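One structure below.
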Amino acid sequence: MSFKDIVGQDKPVSILQNALAKNRLAHAYLFYGHSGVGKVLTALNFAKAVNCLNRPDAGVDCCDECVSCKKIDAGNHMDVSVVKLLKDKSHILIEQIRQLQSQVNLRPYEAKYKVFIIQDAECANDEAQSALLKTLEEPPVKSIIILTTSNPEALLTTIISRCQSAKFYPLNVDSSLDILVKRFALDKDAAFFLAHIAQSGLVDISKYAKPNVLENKNKIIADFNSFLNNPGVELSFLKAQPEEIPWILSVLLWWYRDMLIFKETGKPELLANKDRLKDLSEYSKSLSVLRLGDIISSIMKTSQILSETNVSAKLALTVMATDILS
């Protein structure tokens, strides 16, 4: 995959290609925009283009065929590293940034540039951000650091000021649908649902582009409906890992949005949950337009609180569930 295969991000890609054409590479970049719009994919392709063994001096894309390109695609290039949340952790840790610092000033082993991609940089805790700032203040000569984030406001302004920023834009439903069908070979209903989930910007849909995605989302809906019918039952998603919560909230958001859309328009072709048309019709009968609007607002407010504060996820989700129940 190369820059020409990246959908819907012509502007940020053109910024990077212009830098390649003029050989004026920044030491640090900030890619920001909704989750799942291709920030990490673009960062990896930039690393490929920078280090491509077949790219001519004025070239603006990778060949996608040389040893360097293939190693980066396989995730085993010694000079290209991705820093991201460790399993069961809610923050990028100072130890991860220190490991980056130990490598950033070393000469590349086999590439022109070492490239470090910090995925979901907004998740770096205060210590990690302070350490990262020190590295950006003394930029290495043969290393490029790329931060990707869906919430740039959570980063230190001094970090942002030391990066060249590139804004990534939300993909429309048709673009998302095309990617999901072609790249992940999903069936139409699953792809259609995920394409709508992408519009909320809460999750990277590529993580959920799997054959069982509809089964997964229907289990979340079933568990939540069981709670509404019997509040004595503990909500299963209260035990979810932090990284799964945006997905859960997105599923519930579109479940209730579909009810509202169906109630107001009666057009099934507009719904994300095409596999649940009968259920949506039945459930929507018991809720007014005003009540559905309140429920949607509660879910969106909870998502915002969890992304912008350190409040307990279990507490925020419990309050949301209680609010929807009332």
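For the structure tokens, the naming scheme is as follows: chains receive sequential letters (A, B, ...) according to their order of presentation, residues are indexed from 1 within each chain, and ligands are indexed from 1 in presentation order.
Contact shell of Glu138 (chain A) at 12 Å (only C-alpha atoms; same-chain neighbours under 2 positions omitted): A:His27, A:Ala28, A:Gln101, A:Val104, A:Asn105, A:Ala131, A:Leu132, A:Leu133, A:Lys134, A:Thr135, A:Leu136, A:Pro140, A:Val141, A:Ser143, A:Arg162.
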Could you pull out the helix (DSSP H, G or I) residues of region 158-227 of chain A from DSSP and send them as an MDAnalysis selection string? chainID A and resid 158:161 173:184 188:200 205:208 213:227
Now that the selection is made, can you save its residues with C-alpha atoms as a compact mmCIF listing (two decimals), in the first residue's frame?
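What landed in again.txt:
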# COMPACT_ATOMS: atom_id res chain seq x y z
CA THR A 158 4.70 23.13 23.61
CA ILE A 159 4.66 19.66 22.01
CA ILE A 160 2.22 20.82 19.33
CA SER A 161 4.30 23.92 18.60
CA VAL A 173 -19.91 6.66 4.47
CA ASP A 174 -19.23 5.69 0.85
CA SER A 175 -15.44 6.00 1.29
CA SER A 176 -15.50 3.98 4.51
CA LEU A 177 -17.75 1.36 2.91
CA ASP A 178 -15.41 1.00 -0.06
CA ILE A 179 -12.37 0.52 2.20
CA LEU A 180 -14.12 -2.02 4.43
CA VAL A 181 -15.37 -4.16 1.56
CA LYS A 182 -12.15 -4.10 -0.49
CA ARG A 183 -9.49 -4.10 2.23
CA PHE A 184 -11.20 -6.26 4.85
CA LYS A 188 -22.31 -5.63 3.09
CA ASP A 189 -24.27 -5.37 6.37
CA ALA A 190 -21.12 -5.49 8.52
CA ALA A 191 -19.32 -2.96 6.30
CA PHE A 192 -22.35 -0.67 6.26
CA PHE A 193 -22.59 -0.74 10.06
CA LEU A 194 -18.88 0.02 10.55
CA ALA A 195 -18.98 2.77 7.93
CA HIS A 196 -21.60 4.53 10.05
CA ILE A 197 -19.69 3.88 13.27
CA ALA A 198 -16.76 5.68 11.66
CA GLN A 199 -18.86 8.85 11.43
CA SER A 200 -18.85 9.25 15.21
CA ILE A 205 -12.99 0.86 12.84
CA SER A 206 -10.13 -1.17 11.38
CA LYS A 207 -9.77 -2.82 14.81
CA TYR A 208 -13.31 -4.19 14.52
CA VAL A 213 -18.48 -7.70 14.17
CA LEU A 214 -22.30 -7.87 13.96
CA GLU A 215 -22.40 -10.64 16.55
CA ASN A 216 -20.18 -8.52 18.80
CA LYS A 217 -22.31 -5.37 18.53
CA ASN A 218 -25.56 -7.31 18.96
CA LYS A 219 -24.25 -8.82 22.20
CA ILE A 220 -23.55 -5.31 23.52
CA ILE A 221 -27.08 -4.23 22.60
CA ALA A 222 -28.61 -7.39 24.13
CA ASP A 223 -26.68 -6.94 27.39
CA PHE A 224 -27.77 -3.32 27.65
CA ASN A 225 -31.42 -4.16 26.92
CA SER A 226 -31.28 -6.91 29.58
CA PHE A 227 -30.11 -4.30 32.07
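The closest residue to Ala111 (chain A), picked from A:Val251, A:Ala209, A:Cys63, A:Cys52 and counting only C-alpha atoms, is A:Cys52.
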What is the CA of Leu147 (chain A) to CA of Ile299 (chain A) distance in Å? 28.2 Å
Contacts of Ala240 (chain A) at 10 Å (only C-alpha atoms; same-chain gap of 6+ positions) as a PyMOL selection string: chain A and resi 248+313-314
Preceding selection exported with N, CA and C atoms as a PDB file, in the first residue's frame:
ATOM      1  N   ILE A 248     -18.020   0.345  22.603  1.00  0.00           N
ATOM      2  CA  ILE A 248     -19.312   0.068  23.240  1.00  0.00           C
ATOM      3  C   ILE A 248     -20.230   1.280  23.131  1.00  0.00           C
ATOM      4  N   ALA A 313     -14.118   5.261  34.585  1.00  0.00           N
ATOM      5  CA  ALA A 313     -14.968   4.796  33.486  1.00  0.00           C
ATOM      6  C   ALA A 313     -16.200   4.076  34.024  1.00  0.00           C
ATOM      7  N   LYS A 314     -16.009   3.261  35.060  1.00  0.00           N
ATOM      8  CA  LYS A 314     -17.132   2.508  35.632  1.00  0.00           C
ATOM      9  C   LYS A 314     -18.180   3.460  36.187  1.00  0.00           C
TER      10      LYS A 314
END
Which polymer residues have any atom within 10 Å of an atom of Glu122 (chain A), counting only C-alpha atoms, with same-chain residues fewer than 2 positions away left out, as an MDAnalysis selection string? chainID A and resid 91:92 118:120 124:125 129 147:156 307:308
May I have the selected residues written with N, CA and C atoms, as a PDB file, in the first residue's frame?
ATOM      1  N   HIS A  91      -2.665   4.466  29.760  1.00  0.00           N
ATOM      2  CA  HIS A  91      -1.776   5.566  29.376  1.00  0.00           C
ATOM      3  C   HIS A  91      -0.500   5.029  28.725  1.00  0.00           C
ATOM      4  N   ILE A  92       0.060   5.817  27.825  1.00  0.00           N
ATOM      5  CA  ILE A  92       1.409   5.547  27.338  1.00  0.00           C
ATOM      6  C   ILE A  92       2.362   5.955  28.453  1.00  0.00           C
ATOM      7  N   ILE A 118       4.105   7.549  17.300  1.00  0.00           N
ATOM      8  CA  ILE A 118       3.447   7.452  18.606  1.00  0.00           C
ATOM      9  C   ILE A 118       1.947   7.484  18.366  1.00  0.00           C
ATOM     10  N   GLN A 119       1.334   6.327  18.467  1.00  0.00           N
ATOM     11  CA  GLN A 119      -0.094   6.166  18.183  1.00  0.00           C
ATOM     12  C   GLN A 119      -0.920   6.581  19.396  1.00  0.00           C
ATOM     13  N   ASP A 120      -2.002   7.353  19.159  1.00  0.00           N
ATOM     14  CA  ASP A 120      -2.857   7.851  20.250  1.00  0.00           C
ATOM     15  C   ASP A 120      -2.005   8.612  21.265  1.00  0.00           C
ATOM     16  N   ALA A 124      -0.539   9.648  26.319  1.00  0.00           N
ATOM     17  CA  ALA A 124       0.700   9.752  27.084  1.00  0.00           C
ATOM     18  C   ALA A 124       0.427  10.497  28.387  1.00  0.00           C
ATOM     19  N   ASN A 125       0.878   9.936  29.515  1.00  0.00           N
ATOM     20  CA  ASN A 125       0.659  10.624  30.791  1.00  0.00           C
ATOM     21  C   ASN A 125       1.582  11.837  30.897  1.00  0.00           C
ATOM     22  N   GLN A 129       4.726  12.856  28.453  1.00  0.00           N
ATOM     23  CA  GLN A 129       4.695  14.042  27.594  1.00  0.00           C
ATOM     24  C   GLN A 129       5.875  14.968  27.877  1.00  0.00           C
ATOM     25  N   LEU A 147       3.473  11.940  15.702  1.00  0.00           N
ATOM     26  CA  LEU A 147       2.446  11.745  16.723  1.00  0.00           C
ATOM     27  C   LEU A 147       1.096  11.675  16.020  1.00  0.00           C
ATOM     28  N   THR A 148       0.282  10.694  16.368  1.00  0.00           N
ATOM     29  CA  THR A 148      -1.088  10.645  15.857  1.00  0.00           C
ATOM     30  C   THR A 148      -2.039  10.798  17.037  1.00  0.00           C
ATOM     31  N   THR A 149      -3.104  11.557  16.841  1.00  0.00           N
ATOM     32  CA  THR A 149      -4.035  11.798  17.942  1.00  0.00           C
ATOM     33  C   THR A 149      -5.417  12.167  17.426  1.00  0.00           C
ATOM     34  N   SER A 150      -6.420  11.769  18.166  1.00  0.00           N
ATOM     35  CA  SER A 150      -7.793  12.199  17.888  1.00  0.00           C
ATOM     36  C   SER A 150      -8.204  13.319  18.840  1.00  0.00           C
ATOM     37  N   ASN A 151      -7.291  13.695  19.739  1.00  0.00           N
ATOM     38  CA  ASN A 151      -7.601  14.728  20.736  1.00  0.00           C
ATOM     39  C   ASN A 151      -6.354  15.579  20.993  1.00  0.00           C
ATOM     40  N   PRO A 152      -5.985  16.454  20.065  1.00  0.00           N
ATOM     41  CA  PRO A 152      -4.766  17.252  20.227  1.00  0.00           C
ATOM     42  C   PRO A 152      -4.792  18.165  21.445  1.00  0.00           C
ATOM     43  N   GLU A 153      -6.005  18.511  21.905  1.00  0.00           N
ATOM     44  CA  GLU A 153      -6.119  19.383  23.081  1.00  0.00           C
ATOM     45  C   GLU A 153      -5.535  18.733  24.332  1.00  0.00           C
ATOM     46  N   ALA A 154      -5.379  17.405  24.315  1.00  0.00           N
ATOM     47  CA  ALA A 154      -4.829  16.699  25.474  1.00  0.00           C
ATOM     48  C   ALA A 154      -3.301  16.716  25.491  1.00  0.00           C
ATOM     49  N   LEU A 155      -2.704  17.264  24.438  1.00  0.00           N
ATOM     50  CA  LEU A 155      -1.252  17.339  24.371  1.00  0.00           C
ATOM     51  C   LEU A 155      -0.755  18.698  24.859  1.00  0.00           C
ATOM     52  N   LEU A 156       0.448  18.730  25.381  1.00  0.00           N
ATOM     53  CA  LEU A 156       1.052  19.995  25.783  1.00  0.00           C
ATOM     54  C   LEU A 156       1.154  20.912  24.565  1.00  0.00           C
ATOM     55  N   SER A 307     -13.161  10.959  27.461  1.00  0.00           N
ATOM     56  CA  SER A 307     -12.021  11.320  26.620  1.00  0.00           C
ATOM     57  C   SER A 307     -11.275  12.543  27.130  1.00  0.00           C
ATOM     58  N   GLU A 308     -11.954  13.366  27.951  1.00  0.00           N
ATOM     59  CA  GLU A 308     -11.352  14.631  28.360  1.00  0.00           C
ATOM     60  C   GLU A 308     -10.989  14.705  29.837  1.00  0.00           C
TER      61      GLU A 308
END
Of the residues A:Ile6, A:Leu252, A:Ala166, A:Leu93, which is the one nearest to Leu30 (chain A), using only C-alpha atoms?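 Closest to Leu30 (chain A), using only C-alpha atoms: A:Ala166.
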Residues near Leu100 (chain A), anyone? I mean within 9 Å using only C-alpha atoms, not counting same-chain ones fewer than 2 positions away, as a count of residues only. 11
Between CA of Lys278 (chain A) and CA of Leu290 (chain A), what is the distance, to one decimal in Å?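 Taking CA of Lys278 (chain A) as the start and CA of Leu290 (chain A) as the end point, the length is 21.5 Å.
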Long-range neighbours of Leu260 (chain A) as a list in words, 7 Å cut-off, only C-alpha atoms, 3 positions minimum in chain: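 Once the nearby chain positions are removed, what remains is Tyr256, Arg257, Lys263, Glu264, Val289 and Leu292 of chain A.
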Show me, as a list in words, the residues that have an atom within 12 Å of Met300 (chain A) when counting only C-alpha atoms, minus same-chain residues fewer than 4 positions from it. Ser200, Gly201, Leu202, Pro246, Ile248, Leu249, Ser250, Val251, Leu252, Leu253, Trp254, Tyr256, Arg257, Gly293, Asp294, Ile295, Ile296, Gln304, Ile305, Leu306, Ser307, Ala316, Leu317 and Met320 of chain A
Can you tell me how far CA of Ser312 (chain A) sits from CA of Asn230 (chain A), in Å to one decimal? 23.8 Å
